[in-house]
Structure formats: C-alpha cells, structure tokens
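S.K.: Submitted below is the structure of interest, expressed as structure tokens.
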Amino acid sequence: MSNHIHLVIKLDPESINVLSGKEILARWLFLFKGPLLVQRAFRGGVLGAAQKDAVSDCIEVYRNRLKDLGWFMKCLTEPIARLANKEDQCTGHFWESRYKSQALLTEEAILSAIAYVDLNPIRAGMADRPEKSRHTSIKERITPCFDLKKALQGQEAIGDFDTFPVPLKPLLDFEGAVRNEEQTGLLYAFKDYLELVDMTGRSIRAGKSGFIPKQLPPILQRLSINYDTWLTNTTRFEQVYYRRFGKRARLRLVAA
C-alpha cells in the first residue's frame with residue numbers, strides 16, 4: 001500500500017530447531033557481521049574450549065532470533081527506513097509505530113487474513129481487479145514476475161552481502177485437499193481461493209470506495225483458465241515452478 005504493508009507469515013520454529021550450528025551461523029552472518037570470534041568459528045578457525053562454549057552460546061541466541069517474529073520485522077523494516085531516510089536526506093523514525101501482529105489460529109482466520117490482504121488495493125481504489133493490483137501475492141500467483149534469485153544477485157552486485165547461503169522459498173502453495181500426511185501448504189484449492197476473493201471483492205463495504213465491478217466476468221473466465229491447465233498447475237506446483245524460474249520450489253512460507 002502507499003503508506004503501510006500487510007504480511008501473512010507462517011512461523012516454522014521446528015525448521016530452525018533442526019539446523020546445525022554451522023547452518024545457524026551461515027544464516028546469521030548473512031544478515032549481520034557478528035563478533036570476530038563467531039566469524040572465525042564459521043570459517044573453521046581453531047578455538048579453545050572456552051571460545052567454543054562462547055560460540056555455542058551465540059549459536060543458541062541466534063537460533064532463537066531466527067525463529068522470532070520481532071527479529072524478522074526488524075530485518076525487514078530497518079533497511080527500508082535507512083533507504084527512505086537516505087533518499088529524503090533526513091534522519092529519525094520512518095515508521096509511525098512498531099508493527100502490530102495477530103495470531104491466526106484457525107483455517108478460517110488464515111483464509112480471511114490472506115483474502116483481506118489481497119483485496120486491500122481494491123478496497124483502497126488502487127485497482128479494480130486482483131490480477132491488476134500491484135505488490136500482492138494473488139497477482140504474483142496469477143502472473144509470476146518477481147524473480148527472487150535475480151533480486152538477490154542484484155543485492156550482491158551492490159555489496160549488500162557476499163552470497164545467499166540458504167534455499168530460496170516461493171510463496172506458500174495451495175495444496176487443495178487434506179491428506180493423511182504432514183502438510184506445509186494451504187489446505188485449499190487455488191481455484192476456490194480465486195473465486196472466493198473475486199466474490200468478496202464485488203461486495204461494497206461501508207467506508208471503502210473500491211470494489212470489483214459487478215459487470216466483470218468471473219475471475220477464472222477473465223484469466224482464461226481451463227480445467228486441465230488448472231489441474232496441472234495445482235497438482236504439479238513444484239514442477240511448474242521449476243520450469244518457469246529454473247529453481248526448485250520449496251513448500252515453506254516466508255511471506256504470503
């Protein structure tokens with residue numbers, strides 16, 4: 001949006017708990033410089049017993065921070081504030097207040113929050129349909145245009161970091177059904193989600209100027225999605241993603 005952002009984040013502490021100390025240091029030293037002792041340990045330097053204990057303590061601190069929402073928001077908002085202040089040639093607070101968060105404890109809450117975020121540009125009158133809204137997950141899912149690998153390479157080129165040491169993660173996928181196994185994606189079909197967003201966006205809400213015009217055809221018709229193509233996209237997400245972007249899809253969420 002023009003003056004704020006909305007994110008739906010999946011916290012997955014177990015994926016951090018199983019990482020080795022070396023993997024934790026790789027992630028942390030990508031984000032921050034870290035003490036010289038920690039840098040030396042990561043490079044494989046020889047350490048004494050007391051130094052090893054100190055590094056182990058640091059690893060556990062970093063492990064807890066890597067699965068903490070507050071630290072995620074710090075890493076997201078601080079660079080934006082620094083960049084904005086540099087562009088405006090000023091100092092001081094960029095964000096009006098600290099971020100606010102709400103736990104999504106049910107499937108209904110998750111679905112409602114995602115739809116709310118995807119419809120925000122429409123409710124604000126910035127777009128008249130989801131596939132034309134800017135900076136939304138639903139637009140990226142419909143017509144992928146953001147190449148994360150290329151974006152990271154651009155950051156490397158300007159010296160923000162040396163290399164990105166962890167696997168890339170796209171948006172969390174829609175799994176379409178509940179199965180008797182561990183599932184990490186959203187338990188809905190993307191087709192159903194599109195129809196839900198389209199239907200919701202056509203309703204006029206008091207106090208909001210924007211909505212999807214009723215005369216527009218249904219979203220699946222607008223996008224010219226046929227049944228066979230839809231089944232391929234929703235049941236073979238990893239293969240489709242790999243062919244399009246040249247990298248393996250990962251089914252864990254960073255940001256939806």
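If you're wondering about the labels, chains in the structure tokens are A, B, ... by order shown, residues count from 1 in each chain, ligands from 1 in order shown.
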Run DSSP on the backbone and give me the residues of stretch 62-166 of chain A it puts in alpha helix (DSSP H), as a PyMOL selection string.

M.R.: chain A and resi 62-66+69-88+107-123+137-142+148-157

S.K.: Considering only C-alpha atoms, return as a ChimeraX atom specification whatever protein or nucleic-acid residues lie within 9 Å of stretch 29-39 of chain A, sequence-local ones (same chain, fewer than 5 positions apart) excluded.

M.R.: /A:24,44-45,47,51,54-55,58-59,75,161-165

S.K.: Please list as a ChimeraX atom specification every residue within 12 Å of A:Ile138, counting only C-alpha atoms and excluding residues in the same chain fewer than 6 positions away.

M.R.: /A:114-121,129-132,144-145,171-174,190-191,193-198,219,256

S.K.: Keeping only C-alpha atoms, write those residues as a PDB file, in the first residue's frame.

M.R.:
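Now in again.pdb:
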```pdb
ATOM      1  CA  ILE A 114      -4.948 -13.721   3.158  1.00  0.00           C
ATOM      2  CA  ALA A 115      -8.060 -12.566   1.302  1.00  0.00           C
ATOM      3  CA  TYR A 116      -8.106  -9.302   3.262  1.00  0.00           C
ATOM      4  CA  VAL A 117      -4.504  -8.550   2.303  1.00  0.00           C
ATOM      5  CA  ASP A 118      -5.006  -9.477  -1.357  1.00  0.00           C
ATOM      6  CA  LEU A 119      -8.105  -7.261  -1.582  1.00  0.00           C
ATOM      7  CA  ASN A 120      -6.547  -4.237   0.123  1.00  0.00           C
ATOM      8  CA  PRO A 121      -5.589  -2.420  -3.114  1.00  0.00           C
ATOM      9  CA  ARG A 129      -9.393  -6.463 -10.022  1.00  0.00           C
ATOM     10  CA  PRO A 130      -6.882  -8.763  -8.239  1.00  0.00           C
ATOM     11  CA  GLU A 131      -4.850  -9.603 -11.333  1.00  0.00           C
ATOM     12  CA  LYS A 132      -4.051  -5.908 -11.850  1.00  0.00           C
ATOM     13  CA  PRO A 144       4.598 -14.567 -11.653  1.00  0.00           C
ATOM     14  CA  CYS A 145       7.018 -11.746 -12.412  1.00  0.00           C
ATOM     15  CA  LEU A 171       5.018 -18.198  -1.796  1.00  0.00           C
ATOM     16  CA  LEU A 172       3.332 -20.974   0.149  1.00  0.00           C
ATOM     17  CA  ASP A 173       1.424 -23.228  -2.217  1.00  0.00           C
ATOM     18  CA  PHE A 174      -2.257 -24.169  -2.167  1.00  0.00           C
ATOM     19  CA  PHE A 190      -6.223 -22.085  -5.514  1.00  0.00           C
ATOM     20  CA  LYS A 191      -9.223 -22.156  -7.865  1.00  0.00           C
ATOM     21  CA  TYR A 193      -9.487 -19.180  -3.353  1.00  0.00           C
ATOM     22  CA  LEU A 194      -9.627 -17.130  -6.555  1.00  0.00           C
ATOM     23  CA  GLU A 195     -13.391 -17.478  -6.682  1.00  0.00           C
ATOM     24  CA  LEU A 196     -13.692 -16.522  -3.020  1.00  0.00           C
ATOM     25  CA  VAL A 197     -11.566 -13.389  -3.497  1.00  0.00           C
ATOM     26  CA  ASP A 198     -13.483 -12.465  -6.637  1.00  0.00           C
ATOM     27  CA  ILE A 219     -12.036 -14.310 -12.392  1.00  0.00           C
ATOM     28  CA  ALA A 256       2.353 -14.981   1.673  1.00  0.00           C
TER      29      ALA A 256
END
```

S.K.: Write out as JSON, numbers by chain each polymer residue whose atoms come within 10 Å of stretch 2-18 of chain A, counting only C-alpha atoms; drop sequence neighbours fewer than 5 positions from it.

M.R.: {"A": [23, 24, 60, 63, 64, 65, 66, 67, 68, 69, 72, 95, 96, 99, 100, 101, 102, 103, 104, 110, 113, 114, 116, 117, 118, 120, 121, 124, 126, 135, 136, 137, 172, 184, 185, 252, 253, 254, 255, 256]}

S.K.: Nearest residue to A:Lys139 out of A:Leu105, A:Gly210, A:Ala127, A:Ala41, using only C-alpha atoms?

M.R.: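 For A:Lys139, the nearest of the candidates is A:Ala127.
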
S.K.: What is the atom CA of A:Arg222-atom CA of A:Ile122 distance in Å, reported with one decimal?

M.R.: 16.6 Å

S.K.: Neighbouring residues of A:Asp128 were defined as those with any atom within 7 Å, considering only C-alpha atoms; residues of the same chain fewer than 2 positions away were excluded. Please report them as a PyMOL selection string.

M.R.: chain A and resi 122+125+211-212

S.K.: Could you check the closest approach to A:Lys169 for each of A:Met1, A:Lys149, A:Val61, A:Arg123 and tell me which residue wins, using only C-alpha atoms?

M.R.: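 Closest to A:Lys169 of all the choices is A:Lys149.
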
S.K.: Rounded to one decimal place, report the atom CA of A:Thr143-atom CA of A:Glu175 distance in Å.

M.R.: 18.6 Å

S.K.: Just to confirm, what's the straight-line distance from atom CA of A:Gln153 to atom CA of A:Ser20 in Å (one decimal)?

M.R.: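 Atom-to-atom, atom CA of A:Gln153 to atom CA of A:Ser20, that is 25.8 Å.
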